[in-house]
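The structure under discussion appears below in the form of structure tokens.
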Amino acid sequence: MGTMRKIARRSFLIGSVAVAGGAAFGAYMVGRDKENPIVAGAGEAALTPFVKITGDGITLITPHADIGQGAYHMQAMLLAEELDVELDQISVDPGVPAAAYYNTAMAEEAVPFTSVDEGFAAETMRSVMGGVFRAFGVQGTGGSSSVPDSWEKLRAAGAVAREALKAVAAEDAGVGVDALRTEAGAVILPDGTRVPYTDLAEKVAGMPLPPAPELRGPDQWRLIGTETQRLDILGKSTGTLPYGIDLGAPDVGGEMLYATCKVNPRRSALNGYDASAAAAMTGVEQIIPVTNGVAVLATNTWYAFKAAEAVECDWGSAAYPDAQADHWAEVDASFTAERMDRVWRDDGSVEDALSGGADMETYLRAPYAAHQPLEPLSAIVRVSDGRVDVWAGHQMPRFVEQKVAAVVGVETEDVHFHNQYSGGSFGHRLEFDFVTMAAEVAMAVPGVAVKTTLSREEDFATDYLRQIGAARARAKVSDGRVEAFDLEIATTSALASQSQRLLGAPAAGPDTQIPAGAWNLPYAIPSFRVTGYKVPELAPVSSWRSVGAVTAGFFAEAAFDEALTAAGADPLEERLRLVTNDVARGVLEAVGEMSDWGSDLGPGRGRGLAFINSFGVPTAEVVEVTDTGRGIRVDKVFVALDVGRVVDPVNFENHVQGGVVWGLGHAMNSEVTFADGRPEQTNYHMHEGMRLYQCPEIEVRALERSHKIRGVGEPPVPPAAPALANAVFAATGVRLREMPFHHYVDFV
């Protein structure tokens, strides 16, 4: 029995709270109780709810934000599995932001240990970091943590609710609990009578609840691992599911105005502005200053957009270099002892192995990139006497309340955040400026809800980008083998930049994301060193889907492929010879089998392989390409990865395929460059993803050999770029060492 199951069974405290004639059920870790997010009335027990049952129905609380990845559906599946309800019998609700919904799984990426290191020091540090997240009640969605964070506690909450309902039904029927069973939202009595959960809601509220039972094993699962229809798919397919940007006055109750903001694209102060022309335009109600910019309030969003274009602004200078060439110069100058962040891996003796010179040397680069979620950033805020309401989609709801409270000048408990479905994020909705600006605007019209929406151009101009970086690598080879590999990585720090905005101070200690996906490669190279260097902050950067692994992983596996070429080694066979971890070996073997590695593809065609472990998920990808004469066509991609357990195979496959498309498209086409201190790219036409006609067939295989449960939102992204680069080399002999690749080859 795994450690997590022992913890779940032995140390969950379970309780209920009466709500509107019903009951809510939830789970606490012993000694780590958090304040109940439900406002309980007199005589009600106040314990954290995940399952709410009233006479009208069953609601499953799904506090991990849904940003398009199916988080609400996944959480509902885990709760419904043990509660014994069908998915069409329930509704889902993200609930109110609360410390009780802390996410300790997010802490794992913050510790300086590889995911396969389960030694005493590593496990202790994970426990300490998890304790920090728990103590501060960090409710967040990110880092592919929603599944691992939910896996035990949501099933436990469902199981306790089930047993409580059985206990009430047993008392009513005068039979023993062991004589009862549950099915499809009902307790089944010995004579076959079905008692719906909803009929038991009032009686179960406030009753003493049983301890957490043993959770069911895989042979008893009804939902986990099966193909289900996502709860949101009908609404999304028919255009009836409301995203945050779809909300209007009827949804929030009362009068509504519309607004947009125009802030300094150089990330500094606004020296002054002339709004005389804009103020005379149709529909304009007010033009007001906000932090580093101006806001236009109007009777609809389009009027606000057009008026904002007419405002003439005198922008202050950037705190970073104006020209892109100077950004690159700062990166290139960062391989110094003064800027060294840490030596993350140092096996053998690289210096001795390379003392006679390297057999391979290379230099690689990765540019800034934008987040560009399809749904534009939008938030509705109403500031009233003693209360602030916020409607938006965000990954860190409790921090939203804190940030808005600071802007408006109220206590955090006076801010009420209503989280919404989001049309994408990719890390963008970990930032707060679009919500805090909306709060500033709403303060100008107390009592009125104001919907503030950023134009696509404004979003590109003020996005907190993916980190910029470079790497240099050297290798020594002998007798067809890689004997030494030295990788140095220099990037700006997403963690430091983001932490400065979130907490008012840069993150302390070495940055685990600079070498993410590189230093933890499971290769037993006799001499293997990975060193991280921290580039001084240039343009502000933030978490971007897969964070550091998308850059460091590209550097590592593209450079390692060059080392393999220098050795004359087969890329799959040499990796299998070097791999030290059975789970990693399994995904490499699987992707080799899937792609028929080693078979002849014919002239002008090539395969590329990359393996990266990010967020604890070993992922191998093979990309097949054809040199058509007009350009490179990406034909097919094979992906094998191990997440321990797959909750929903359909969603899993779609998620992996989406990650591959995301990774390939950005590697091929996307970058943000600076001129005059501001981004040159203004919209999708200048920051293209992969076009529909370019999309390859993507075959996915999920392995479930790991004993740890992992998420899949980010791991498919990092291997895409190096696998594509390696495939292009195999087909053409051209090495792609800098993204985006379209600067060096054409894609068709």
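Ordering of the structure tokens sets the chain letters (A, B, ...); residue numbers start at 1 within each chain; ligands are numbered from 1 in the order shown.
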Determine, using only C-alpha atoms, which residues of stretch 630-745 of chain A have any atom at most 9 Å from an atom of stretch 551-573 of chain A, and tabulate each with its shortest atom pair and distance in Å to one decimal place, rows ordered by chain and then rising number, as CSV.
residue,atom,partner,partner_atom,distance
A:Pro718,CA,A:Gly553,CA,5.7
A:Pro719,CA,A:Gly553,CA,6.7
A:Ala720,CA,A:Phe554,CA,8.3
A:Ala721,CA,A:Phe554,CA,6.0
A:Pro722,CA,A:Ala558,CA,4.9
A:Ala723,CA,A:Ala558,CA,7.6
A:Ala725,CA,A:Ala558,CA,6.8
A:Asn726,CA,A:Ala558,CA,6.5
A:Arg735,CA,A:Glu562,CA,8.6
A:Leu736,CA,A:Ala558,CA,8.3
A:Arg737,CA,A:Ala558,CA,7.4
Practice prompt. Once DSSP has gone over the backbone, tell me which residues of stretch 353-495 of chain A are in helix (DSSP H, G or I), as an NGL selection string.
Written response: :A and (353 or 397-408 or 412-414 or 428-430 or 433-442 or 456-462 or 494-495)
Worksheet entry | Residues within 9 Å of A:Cys695, only C-alpha atoms, excluding chain neighbours under 5 positions, as JSON, numbers by chain | {"A": [634, 635, 636, 661, 665, 690]}
Output N, CA, C and O atoms for every residue in that selection, as an mmCIF file, in the first residue's frame.
data_model
loop_
_atom_site.group_PDB
_atom_site.id
_atom_site.type_symbol
_atom_site.label_atom_id
_atom_site.label_comp_id
_atom_site.auth_asym_id
_atom_site.auth_seq_id
_atom_site.Cartn_x
_atom_site.Cartn_y
_atom_site.Cartn_z
ATOM 1 N N VAL A 634 5.652 18.453 -41.106
ATOM 2 C CA VAL A 634 5.634 17.595 -39.915
ATOM 3 C C VAL A 634 4.548 16.552 -40.136
ATOM 4 O O VAL A 634 3.359 16.874 -40.208
ATOM 5 N N ASP A 635 4.954 15.288 -40.269
ATOM 6 C CA ASP A 635 4.029 14.227 -40.659
ATOM 7 C C ASP A 635 3.318 13.579 -39.481
ATOM 8 O O ASP A 635 2.098 13.391 -39.501
ATOM 9 N N LYS A 636 4.092 13.222 -38.475
ATOM 10 C CA LYS A 636 3.504 12.437 -37.395
ATOM 11 C C LYS A 636 4.323 12.634 -36.129
ATOM 12 O O LYS A 636 5.546 12.855 -36.176
ATOM 13 N N VAL A 661 0.966 20.186 -29.971
ATOM 14 C CA VAL A 661 0.698 21.247 -30.940
ATOM 15 C C VAL A 661 1.216 22.587 -30.422
ATOM 16 O O VAL A 661 1.813 23.378 -31.160
ATOM 17 N N GLY A 665 4.155 24.416 -32.429
ATOM 18 C CA GLY A 665 3.813 25.691 -33.042
ATOM 19 C C GLY A 665 4.698 26.825 -32.573
ATOM 20 O O GLY A 665 5.159 27.658 -33.375
ATOM 21 N N MET A 690 0.814 26.891 -34.614
ATOM 22 C CA MET A 690 0.785 25.956 -35.739
ATOM 23 C C MET A 690 -0.536 26.111 -36.489
ATOM 24 O O MET A 690 -1.603 26.140 -35.893
#
Worksheet item: DSSP on the backbone: what in stretch 77-213 of chain A comes out strand (DSSP E), as a list of chain:residue names?
Response: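 DSSP on the backbone gives strand (DSSP E) at A:Ile90, A:Ser91, A:Val92, A:Asp93, A:Arg181, A:Thr182, A:Glu183, A:Ala186, A:Val187, A:Ile188, A:Arg194, A:Val195, A:Pro196.
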Selection above as a file: N, CA and C atoms, as a PDB file, in the first residue's frame:
ATOM      1  N   ILE A  90     -25.068  15.223 -11.112  1.00  0.00           N
ATOM      2  CA  ILE A  90     -24.449  16.234 -10.263  1.00  0.00           C
ATOM      3  C   ILE A  90     -24.269  17.547 -11.019  1.00  0.00           C
ATOM      4  N   SER A  91     -24.053  18.605 -10.257  1.00  0.00           N
ATOM      5  CA  SER A  91     -23.576  19.868 -10.800  1.00  0.00           C
ATOM      6  C   SER A  91     -22.251  20.178 -10.124  1.00  0.00           C
ATOM      7  N   VAL A  92     -21.448  21.016 -10.775  1.00  0.00           N
ATOM      8  CA  VAL A  92     -20.154  21.369 -10.196  1.00  0.00           C
ATOM      9  C   VAL A  92     -20.125  22.861  -9.898  1.00  0.00           C
ATOM     10  N   ASP A  93     -19.351  23.214  -8.895  1.00  0.00           N
ATOM     11  CA  ASP A  93     -19.232  24.600  -8.463  1.00  0.00           C
ATOM     12  C   ASP A  93     -17.800  24.785  -7.972  1.00  0.00           C
ATOM     13  N   ARG A 181     -25.935  -0.788   0.572  1.00  0.00           N
ATOM     14  CA  ARG A 181     -24.985  -0.429  -0.463  1.00  0.00           C
ATOM     15  C   ARG A 181     -25.465   0.862  -1.130  1.00  0.00           C
ATOM     16  N   THR A 182     -24.631   1.426  -1.944  1.00  0.00           N
ATOM     17  CA  THR A 182     -24.996   2.663  -2.630  1.00  0.00           C
ATOM     18  C   THR A 182     -24.806   2.494  -4.130  1.00  0.00           C
ATOM     19  N   GLU A 183     -25.617   3.249  -4.864  1.00  0.00           N
ATOM     20  CA  GLU A 183     -25.551   3.152  -6.322  1.00  0.00           C
ATOM     21  C   GLU A 183     -26.286   4.341  -6.918  1.00  0.00           C
ATOM     22  N   ALA A 186     -28.059   6.899  -4.630  1.00  0.00           N
ATOM     23  CA  ALA A 186     -29.084   6.388  -3.716  1.00  0.00           C
ATOM     24  C   ALA A 186     -28.491   5.323  -2.815  1.00  0.00           C
ATOM     25  N   VAL A 187     -29.048   5.229  -1.613  1.00  0.00           N
ATOM     26  CA  VAL A 187     -28.738   4.120  -0.711  1.00  0.00           C
ATOM     27  C   VAL A 187     -29.728   2.998  -1.017  1.00  0.00           C
ATOM     28  N   ILE A 188     -29.225   1.789  -1.161  1.00  0.00           N
ATOM     29  CA  ILE A 188     -30.068   0.638  -1.490  1.00  0.00           C
ATOM     30  C   ILE A 188     -30.271  -0.188  -0.219  1.00  0.00           C
ATOM     31  N   ARG A 194     -34.806   1.967  -2.964  1.00  0.00           N
ATOM     32  CA  ARG A 194     -33.806   2.998  -3.243  1.00  0.00           C
ATOM     33  C   ARG A 194     -34.176   4.270  -2.485  1.00  0.00           C
ATOM     34  N   VAL A 195     -33.248   4.764  -1.684  1.00  0.00           N
ATOM     35  CA  VAL A 195     -33.455   6.008  -0.956  1.00  0.00           C
ATOM     36  C   VAL A 195     -32.497   7.047  -1.537  1.00  0.00           C
ATOM     37  N   PRO A 196     -32.987   7.993  -2.332  1.00  0.00           N
ATOM     38  CA  PRO A 196     -32.105   8.990  -2.938  1.00  0.00           C
ATOM     39  C   PRO A 196     -31.330   9.781  -1.881  1.00  0.00           C
TER      40      PRO A 196
END
Discussion item. Can you measure atom CA of A:Ala379 to atom CA of A:Gly393 for me? One decimal in Å is fine.
Written reply: 7.8 Å
Practice prompt. Find the residue from A:Phe460, A:Phe485, A:Trp662, A:Tyr197 that sits nearest to A:Gly57; use only C-alpha atoms when measuring.
Written response: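 Checking each of A:Phe460, A:Phe485, A:Trp662, A:Tyr197 against A:Gly57, counting only C-alpha atoms, the winner is A:Tyr197.
Minimum distance to A:Arg529 across A:Met129, A:Val343, A:Val712, A:Val623 (counting only C-alpha atoms) occurs at A:Val343.
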Discussion item. Excluding stretch 416-419 of chain A and its own-chain neighbours fewer than 4 positions away, which residues fall within 8 Å of it when counting only C-alpha atoms? Please give them as a PyMOL selection string.
Written reply: chain A and resi 65+94+96-97+387-394+397+400-401
Discussion item. Excluding stretch 276-289 of chain A and its own-chain neighbours fewer than 6 positions away, which residues fall within 6 Å of it when counting only C-alpha atoms? Please give them as a PyMOL selection string.
Written reply: chain A and resi 295-299+303+307+310-311
Worksheet, complete the sentence: atom CA of A:Gly140 to atom CA of A:Arg222 measures 28.3 Å
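Across A:Phe674, A:Tyr258, A:Tyr464, A:Phe120, the tightest approach to A:Trp328 is made by A:Phe674 when counting only C-alpha atoms.
Atom pair atom CA of A:Asp511 / atom CA of A:Arg575 has a distance of 27.2 Å (rounded to one decimal).
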